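So this one's final-v2.cif, mmCIF, C-alpha atoms and all ligand atoms:
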data_target
#
loop_
_atom_site.label_atom_id
_atom_site.label_comp_id
_atom_site.auth_asym_id
_atom_site.auth_seq_id
_atom_site.Cartn_x
_atom_site.Cartn_y
_atom_site.Cartn_z
CA MET A 1 9.14 10.78 9.52
CA LYS A 2 5.83 12.52 9.27
CA ILE A 3 2.74 11.66 7.22
CA ARG A 4 0.65 14.56 6.00
CA GLN A 5 -1.85 15.51 3.33
CA GLU A 6 -0.27 16.24 -0.04
CA GLN A 7 -0.28 19.92 -1.08
CA LYS A 8 -0.23 21.40 -4.59
CA GLN A 9 3.42 22.40 -4.27
CA ASP A 10 4.32 18.72 -3.66
CA TYR A 11 3.02 17.58 -7.07
CA PRO A 12 6.37 17.70 -8.99
CA GLU A 13 8.25 15.90 -6.20
CA VAL A 14 5.53 13.27 -5.88
CA PHE A 15 5.57 12.76 -9.67
CA ARG A 16 9.34 12.03 -9.58
CA LEU A 17 9.02 9.82 -6.51
CA ILE A 18 6.35 7.62 -8.14
CA GLU A 19 8.21 7.48 -11.45
CA ASN A 20 11.41 6.30 -9.72
CA ALA A 21 9.69 3.92 -7.31
CA PHE A 22 8.05 1.93 -10.12
CA LYS A 23 11.01 2.06 -12.53
CA ASP A 24 12.30 -1.45 -11.81
CA GLU A 25 8.95 -3.08 -11.02
CA LEU A 26 7.87 -5.88 -13.34
CA TYR A 27 4.09 -5.93 -13.13
CA THR A 28 3.37 -2.34 -14.05
CA ASN A 29 3.02 -0.15 -17.12
CA HIS A 30 5.28 2.49 -15.46
CA GLN A 31 2.48 5.03 -15.84
CA GLU A 32 1.42 5.40 -12.19
CA GLN A 33 2.68 8.99 -11.98
CA PHE A 34 0.31 9.93 -14.82
CA LEU A 35 -2.58 8.04 -13.22
CA VAL A 36 -2.10 10.17 -10.10
CA GLU A 37 -2.10 13.35 -12.18
CA ARG A 38 -5.41 12.35 -13.77
CA LEU A 39 -6.98 11.26 -10.49
CA ARG A 40 -6.09 14.55 -8.75
CA GLN A 41 -8.15 16.32 -11.40
CA SER A 42 -11.06 13.88 -11.35
CA GLU A 43 -14.38 14.55 -9.65
CA ALA A 44 -13.75 11.59 -7.39
CA PHE A 45 -10.53 13.01 -5.85
CA ILE A 46 -10.50 13.34 -2.04
CA PRO A 47 -7.51 15.50 -0.98
CA GLU A 48 -7.54 14.05 2.56
CA LEU A 49 -6.74 10.64 1.05
CA SER A 50 -3.68 11.81 -0.89
CA LEU A 51 -0.82 11.49 1.61
CA VAL A 52 2.93 11.99 1.61
CA ALA A 53 5.58 10.64 3.97
CA GLU A 54 8.21 13.29 4.62
CA THR A 55 11.61 13.20 6.31
CA ASP A 56 13.86 16.27 6.59
CA ARG A 57 11.71 18.05 4.03
CA GLN A 58 12.19 15.25 1.49
CA ILE A 59 9.14 13.35 0.28
CA VAL A 60 9.98 9.66 0.61
CA GLY A 61 6.55 8.05 0.25
CA TYR A 62 3.12 8.57 -1.26
CA ILE A 63 -0.31 6.91 -1.14
CA LEU A 64 -3.62 7.68 -2.83
CA LEU A 65 -7.09 6.27 -2.19
CA THR A 66 -9.79 7.13 -4.75
CA PRO A 67 -13.55 6.43 -4.53
CA ILE A 68 -14.89 3.51 -6.60
CA LYS A 69 -18.21 1.65 -6.67
CA ILE A 70 -19.16 -1.97 -6.23
CA VAL A 71 -22.22 -2.71 -8.37
CA ASP A 72 -24.35 -5.87 -8.02
CA GLU A 73 -26.75 -7.59 -10.47
CA GLN A 74 -29.63 -5.36 -9.27
CA SER A 75 -27.46 -2.31 -10.07
CA GLN A 76 -27.21 -1.55 -6.38
CA GLU A 77 -24.11 0.50 -5.66
CA THR A 78 -21.81 0.49 -2.62
CA ALA A 79 -19.02 3.03 -2.21
CA SER A 80 -15.50 1.79 -1.67
CA LEU A 81 -11.96 3.07 -2.27
CA ALA A 82 -9.18 1.98 -4.61
CA LEU A 83 -5.63 2.04 -3.26
CA ALA A 84 -3.45 3.11 -6.19
CA PRO A 85 -0.62 3.68 -5.87
CA VAL A 86 1.53 3.34 -2.78
CA ALA A 87 5.19 4.09 -3.39
CA VAL A 88 8.28 4.49 -1.21
CA HIS A 89 11.64 5.92 -2.35
CA LYS A 90 14.15 3.10 -2.95
CA ASP A 91 16.60 4.39 -0.30
CA PHE A 92 13.89 4.40 2.38
CA ARG A 93 12.32 0.95 1.95
CA GLN A 94 12.08 -1.82 4.54
CA GLN A 95 11.64 0.71 7.33
CA GLY A 96 7.89 0.40 7.59
CA ILE A 97 7.06 3.61 5.71
CA GLY A 98 4.82 1.80 3.20
CA GLY A 99 2.98 0.17 6.10
CA GLN A 100 2.55 3.46 7.95
CA LEU A 101 1.14 5.14 4.84
CA ILE A 102 -1.33 2.29 4.36
CA ARG A 103 -2.47 2.35 8.00
CA GLU A 104 -2.83 6.14 8.09
CA ALA A 105 -4.82 6.11 4.85
CA HIS A 106 -7.10 3.45 6.37
CA ARG A 107 -7.59 5.55 9.50
CA ILE A 108 -8.65 8.64 7.54
CA ALA A 109 -10.87 6.58 5.22
CA ARG A 110 -12.61 5.12 8.27
CA GLU A 111 -13.16 8.64 9.64
CA LEU A 112 -14.71 9.56 6.30
CA GLN A 113 -17.13 6.62 6.76
CA PHE A 114 -15.79 4.38 4.00
CA GLY A 115 -16.32 0.67 4.65
CA SER A 116 -13.55 -0.85 2.57
CA VAL A 117 -10.44 -0.44 0.43
CA ILE A 118 -9.82 -2.53 -2.70
CA LEU A 119 -6.58 -2.98 -4.61
CA LEU A 120 -4.75 -4.91 -7.24
CA GLY A 121 -1.40 -5.83 -5.76
CA HIS A 122 1.17 -8.29 -4.53
CA GLU A 123 -0.39 -11.23 -2.65
CA LYS A 124 2.49 -11.35 -0.12
CA TYR A 125 2.57 -7.68 0.89
CA TYR A 126 -0.99 -6.58 1.62
CA PRO A 127 -2.25 -9.46 3.81
CA LYS A 128 0.11 -8.05 6.51
CA PHE A 129 -2.31 -5.15 6.80
CA GLY A 130 -5.45 -7.27 6.85
CA TYR A 131 -6.23 -7.54 3.13
CA GLU A 132 -8.01 -10.66 1.86
CA MET A 133 -8.98 -11.82 -1.59
CA THR A 134 -12.03 -9.96 -2.93
CA ARG A 135 -13.23 -13.39 -4.13
CA ASN A 136 -13.97 -14.27 -0.48
CA TYR A 137 -16.55 -11.47 -0.51
CA GLY A 138 -18.05 -12.27 -3.93
CA ILE A 139 -16.48 -9.12 -5.31
CA ARG A 140 -14.61 -9.12 -8.61
CA LEU A 141 -12.38 -6.61 -10.33
CA PRO A 142 -12.98 -5.82 -14.01
CA PHE A 143 -9.50 -6.99 -15.01
CA ASP A 144 -8.12 -10.29 -16.26
CA VAL A 145 -5.78 -10.90 -13.32
CA PRO A 146 -5.26 -13.76 -10.83
CA ASP A 147 -7.71 -13.85 -7.89
CA GLU A 148 -4.89 -13.67 -5.34
CA ASN A 149 -3.93 -10.17 -6.54
CA CYS A 150 -7.45 -8.75 -6.10
CA MET A 151 -7.64 -7.72 -2.46
CA LEU A 152 -9.93 -5.98 -0.01
CA ILE A 153 -9.89 -4.82 3.58
CA GLU A 154 -12.98 -4.05 5.63
CA LEU A 155 -12.50 -0.81 7.55
CA SER A 156 -15.13 -1.71 10.12
CA GLU A 157 -16.42 -5.07 11.22
CA ASN A 158 -18.75 -6.73 8.70
CA ALA A 159 -18.87 -3.58 6.57
CA MET A 160 -18.87 -5.74 3.44
CA SER A 161 -20.77 -8.80 4.64
CA HIS A 162 -23.86 -7.98 2.54
CA VAL A 163 -22.00 -6.47 -0.38
CA HIS A 164 -21.06 -8.28 -3.57
CA GLY A 165 -20.69 -7.41 -7.24
CA THR A 166 -18.17 -5.97 -9.66
CA VAL A 167 -15.91 -3.01 -9.04
CA VAL A 168 -16.45 0.02 -11.28
CA TYR A 169 -13.44 2.34 -11.52
CA PRO A 170 -13.61 5.99 -12.57
CA PRO A 171 -12.66 6.55 -16.24
CA GLU A 172 -9.28 8.03 -15.29
CA PHE A 173 -8.07 4.49 -14.50
CA TYR A 174 -8.47 3.46 -18.15
CA GLU A 175 -7.03 6.52 -19.85
CA THR A 176 -3.42 6.92 -20.89
CA HIS A 177 -1.61 10.21 -20.74
C1 LIG A 201 5.68 -1.76 -1.90
C2 LIG A 201 6.41 -0.59 -1.19
C3 LIG A 201 5.49 0.61 -1.16
C4 LIG A 201 6.73 -1.06 0.24
O1 LIG A 201 7.33 0.03 0.92
P1 LIG A 201 8.22 -0.19 2.25
O2 LIG A 201 8.27 1.10 2.95
O3 LIG A 201 9.49 -0.86 1.91
O4 LIG A 201 7.27 -1.20 3.03
P2 LIG A 201 7.38 -1.65 4.52
O5 LIG A 201 8.72 -1.28 5.06
O6 LIG A 201 6.16 -1.21 5.22
O7 LIG A 201 7.26 -3.21 4.33
C5 LIG A 201 8.32 -3.92 3.75
C6 LIG A 201 7.89 -5.35 3.62
O8 LIG A 201 7.12 -5.51 2.42
C7 LIG A 201 7.74 -6.45 1.56
N1 LIG A 201 7.57 -5.98 0.20
C8 LIG A 201 7.94 -4.80 -0.28
N2 LIG A 201 7.60 -4.72 -1.58
C9 LIG A 201 7.00 -5.87 -1.90
C10 LIG A 201 6.44 -6.39 -3.08
N3 LIG A 201 6.40 -5.70 -4.24
N4 LIG A 201 5.91 -7.61 -3.02
C11 LIG A 201 5.92 -8.33 -1.89
N5 LIG A 201 6.44 -7.89 -0.75
C12 LIG A 201 6.98 -6.68 -0.75
C13 LIG A 201 9.16 -6.48 1.99
O9 LIG A 201 9.76 -7.71 1.64
C14 LIG A 201 9.03 -6.31 3.51
O10 LIG A 201 8.64 -7.52 4.10
P3 LIG A 201 9.12 -7.88 5.58
O11 LIG A 201 8.54 -6.82 6.47
O12 LIG A 201 8.54 -9.24 5.80
O13 LIG A 201 10.60 -7.84 5.49
C15 LIG A 201 7.74 -0.25 -1.89
O14 LIG A 201 8.52 -1.41 -2.00
C16 LIG A 201 7.59 0.37 -3.28
O15 LIG A 201 7.46 1.58 -3.42
N6 LIG A 201 7.65 -0.48 -4.31
C17 LIG A 201 7.53 0.00 -5.70
C18 LIG A 201 6.12 0.45 -5.99
C19 LIG A 201 5.11 -0.66 -5.78
O16 LIG A 201 5.30 -1.80 -6.18
N7 LIG A 201 3.99 -0.33 -5.12
C20 LIG A 201 2.95 -1.26 -4.81
C21 LIG A 201 2.02 -1.44 -5.92
S1 LIG A 201 0.74 -0.21 -5.96
#
Now, as a test, write the supplied structure out as structure tokens.
Ligand SMILES: CC(C)(COP(=O)(O)OP(=O)(O)OC[C@H]1O[C@@H](n2cnc3c(N)ncnc32)[C@H](O)[C@@H]1OP(=O)(O)O)[C@@H](O)C(=O)NCCC(=O)NCCS
Amino acid sequence: MKIRQEQKQDYPEVFRLIENAFKDELYTNHQEQFLVERLRQSEAFIPELSLVAETDRQIVGYILLTPIKIVDEQSQETASLALAPVAVHKDFRQQGIGGQLIREAHRIARELQFGSVILLGHEKYYPKFGYEMTRNYGIRLPFDVPDENCMLIELSENAMSHVHGTVVYPPEFYETH
């Protein structure tokens, strides 16, 4: 299994992978494949942070990190990244592919000098990779969701110790297809 940057010719296969991966998930609007299509075309898109996991020329996993901002009461902005989505093909789960995609995305994000990654996700899965509640950092997401699902990882030590505020997502997160 190899992880590499997504290329344009992968788009249809990645679309189908995401669509199938989320099909039976409960806490989703089943629109993640369209979100990815919008984000690829947004100004914020960083191709190096759009990764596929490939085995025998089949794409079995995908992850995307997109720049967001954390804005405090003084309107001071700090750059961060949103992880949305990560998806692994049903036949290839429980083999660590999701974890490898997450770790590789973190590594590249660190190289690109980002200090953190923020996500809305399952409270049992992401702590394995070092995610904590954003509440612990005084950071909130602009959604009406339980605190335990709003998570953040610092990509370098104390990167977020002086940062607090509300996350501002690019408009593509709010649009529908
Ligand atoms: C979440 C997902 C990417 C994990 O992929 P994976 O390759 O199976 O992950 P890994 O093999 O690295 O890790 C599997 C572990 O995560 C746990 N896990 C997987 N999905 C989980 C979920 N939705 N909630 C909680 N735990 C989950 C498994 O129980 C397993 O735990 P274990 O190691 O203690 O047995 C995959 O299940 C998936 O594509 N799900 C549908 C899409 C989705 O929900 N994405 C996340 C939201 S953005």
Computed gap from atom CA of Gln100 of chain A to atom C9 of ligand LIG 201 (chain A) is 14.3 Å
Please return as an MDAnalysis selection string the residues found within 8 Å of ligand LIG 201 (chain A), counting all atoms listed in the file.
chainID A and resid 18 21:25 61 83:90 92:100 119:126
So that I can see what lies close to segment 151-166 of chain A, please list as a PyMOL selection string the residues with an atom at most 10 Å from it, counting only C-alpha atoms and leaving out residues fewer than 3 positions away in the same chain.
chain A and resi 69-78+80-83+106-107+109-111+113-123+126-127+129-142+147-148+169
Using C-alpha atoms, can you export the residues from the last selection as a PDB file, in the frame of the given file?
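Written file, result-v3.pdb:
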ATOM      1  CA  LYS A  69     -18.210   1.650  -6.670  1.00  0.00           C
ATOM      2  CA  ILE A  70     -19.160  -1.970  -6.230  1.00  0.00           C
ATOM      3  CA  VAL A  71     -22.220  -2.710  -8.370  1.00  0.00           C
ATOM      4  CA  ASP A  72     -24.350  -5.870  -8.020  1.00  0.00           C
ATOM      5  CA  GLU A  73     -26.750  -7.590 -10.470  1.00  0.00           C
ATOM      6  CA  GLN A  74     -29.630  -5.360  -9.270  1.00  0.00           C
ATOM      7  CA  SER A  75     -27.460  -2.310 -10.070  1.00  0.00           C
ATOM      8  CA  GLN A  76     -27.210  -1.550  -6.380  1.00  0.00           C
ATOM      9  CA  GLU A  77     -24.110   0.500  -5.660  1.00  0.00           C
ATOM     10  CA  THR A  78     -21.810   0.490  -2.620  1.00  0.00           C
ATOM     11  CA  SER A  80     -15.500   1.790  -1.670  1.00  0.00           C
ATOM     12  CA  LEU A  81     -11.960   3.070  -2.270  1.00  0.00           C
ATOM     13  CA  ALA A  82      -9.180   1.980  -4.610  1.00  0.00           C
ATOM     14  CA  LEU A  83      -5.630   2.040  -3.260  1.00  0.00           C
ATOM     15  CA  HIS A 106      -7.100   3.450   6.370  1.00  0.00           C
ATOM     16  CA  ARG A 107      -7.590   5.550   9.500  1.00  0.00           C
ATOM     17  CA  ALA A 109     -10.870   6.580   5.220  1.00  0.00           C
ATOM     18  CA  ARG A 110     -12.610   5.120   8.270  1.00  0.00           C
ATOM     19  CA  GLU A 111     -13.160   8.640   9.640  1.00  0.00           C
ATOM     20  CA  GLN A 113     -17.130   6.620   6.760  1.00  0.00           C
ATOM     21  CA  PHE A 114     -15.790   4.380   4.000  1.00  0.00           C
ATOM     22  CA  GLY A 115     -16.320   0.670   4.650  1.00  0.00           C
ATOM     23  CA  SER A 116     -13.550  -0.850   2.570  1.00  0.00           C
ATOM     24  CA  VAL A 117     -10.440  -0.440   0.430  1.00  0.00           C
ATOM     25  CA  ILE A 118      -9.820  -2.530  -2.700  1.00  0.00           C
ATOM     26  CA  LEU A 119      -6.580  -2.980  -4.610  1.00  0.00           C
ATOM     27  CA  LEU A 120      -4.750  -4.910  -7.240  1.00  0.00           C
ATOM     28  CA  GLY A 121      -1.400  -5.830  -5.760  1.00  0.00           C
ATOM     29  CA  HIS A 122       1.170  -8.290  -4.530  1.00  0.00           C
ATOM     30  CA  GLU A 123      -0.390 -11.230  -2.650  1.00  0.00           C
ATOM     31  CA  TYR A 126      -0.990  -6.580   1.620  1.00  0.00           C
ATOM     32  CA  PRO A 127      -2.250  -9.460   3.810  1.00  0.00           C
ATOM     33  CA  PHE A 129      -2.310  -5.150   6.800  1.00  0.00           C
ATOM     34  CA  GLY A 130      -5.450  -7.270   6.850  1.00  0.00           C
ATOM     35  CA  TYR A 131      -6.230  -7.540   3.130  1.00  0.00           C
ATOM     36  CA  GLU A 132      -8.010 -10.660   1.860  1.00  0.00           C
ATOM     37  CA  MET A 133      -8.980 -11.820  -1.590  1.00  0.00           C
ATOM     38  CA  THR A 134     -12.030  -9.960  -2.930  1.00  0.00           C
ATOM     39  CA  ARG A 135     -13.230 -13.390  -4.130  1.00  0.00           C
ATOM     40  CA  ASN A 136     -13.970 -14.270  -0.480  1.00  0.00           C
ATOM     41  CA  TYR A 137     -16.550 -11.470  -0.510  1.00  0.00           C
ATOM     42  CA  GLY A 138     -18.050 -12.270  -3.930  1.00  0.00           C
ATOM     43  CA  ILE A 139     -16.480  -9.120  -5.310  1.00  0.00           C
ATOM     44  CA  ARG A 140     -14.610  -9.120  -8.610  1.00  0.00           C
ATOM     45  CA  LEU A 141     -12.380  -6.610 -10.330  1.00  0.00           C
ATOM     46  CA  PRO A 142     -12.980  -5.820 -14.010  1.00  0.00           C
ATOM     47  CA  ASP A 147      -7.710 -13.850  -7.890  1.00  0.00           C
ATOM     48  CA  GLU A 148      -4.890 -13.670  -5.340  1.00  0.00           C
ATOM     49  CA  TYR A 169     -13.440   2.340 -11.520  1.00  0.00           C
TER      50      TYR A 169
END
Using the file's own x, y and z axes, so that the box edges lie along x, y and z, what centre and edge lengths in Å (one decimal) does a box around every listed atom of segment 78-83 of chain A get when 4 Å is added on each side? Give it as AutoDock Vina command-line options.
--center_x -13.7 --center_y 1.8 --center_z -3.1 --size_x 24.2 --size_y 10.6 --size_z 10.9
May I ask which of the residues A:Val60, A:Met1, A:Ile46, A:Val52 is the closest one to Leu17 of chain A, counting only C-alpha atoms?
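Selected residue with least distance to Leu17 of chain A: A:Val60.
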Which one of A:Thr55, A:Thr176, A:Thr28, A:Gln33 sits closest to Pro12 of chain A if you count only C-alpha atoms?
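Of A:Thr55, A:Thr176, A:Thr28, A:Gln33, the one nearest Pro12 of chain A is A:Gln33, counting only C-alpha atoms.
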Work out how far atom CA of Glu175 of chain A is from atom CA of Phe143 of chain A, in Å to one decimal.
14.6 Å
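Of the listed residues A:Glu13, A:Glu54, A:Glu104, A:Glu172, the one whose atoms come nearest to Leu39 of chain A is A:Glu172, with distances taken using all atoms listed in the file.
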Counting all atoms listed in the file, the option among A:Asp91, A:Glu19, A:Glu32, A:Glu6 closest to Ser50 of chain A:
A:Glu6
Quick one: pull the distance between atom CA of Asn29 of chain A and atom CA of Lys2 of chain A, Å, one decimal.
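Atom CA of Lys2 of chain A lies at a distance of 29.4 Å from atom CA of Asn29 of chain A.
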Between A:Ile108, A:Ala44, A:Cys150, A:Ile3, which residue has the minimum interatomic distance to Tyr62 of chain A, considering all atoms listed in the file?
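Going through A:Ile108, A:Ala44, A:Cys150, A:Ile3 one by one, the smallest distance to Tyr62 of chain A is for A:Ile3.
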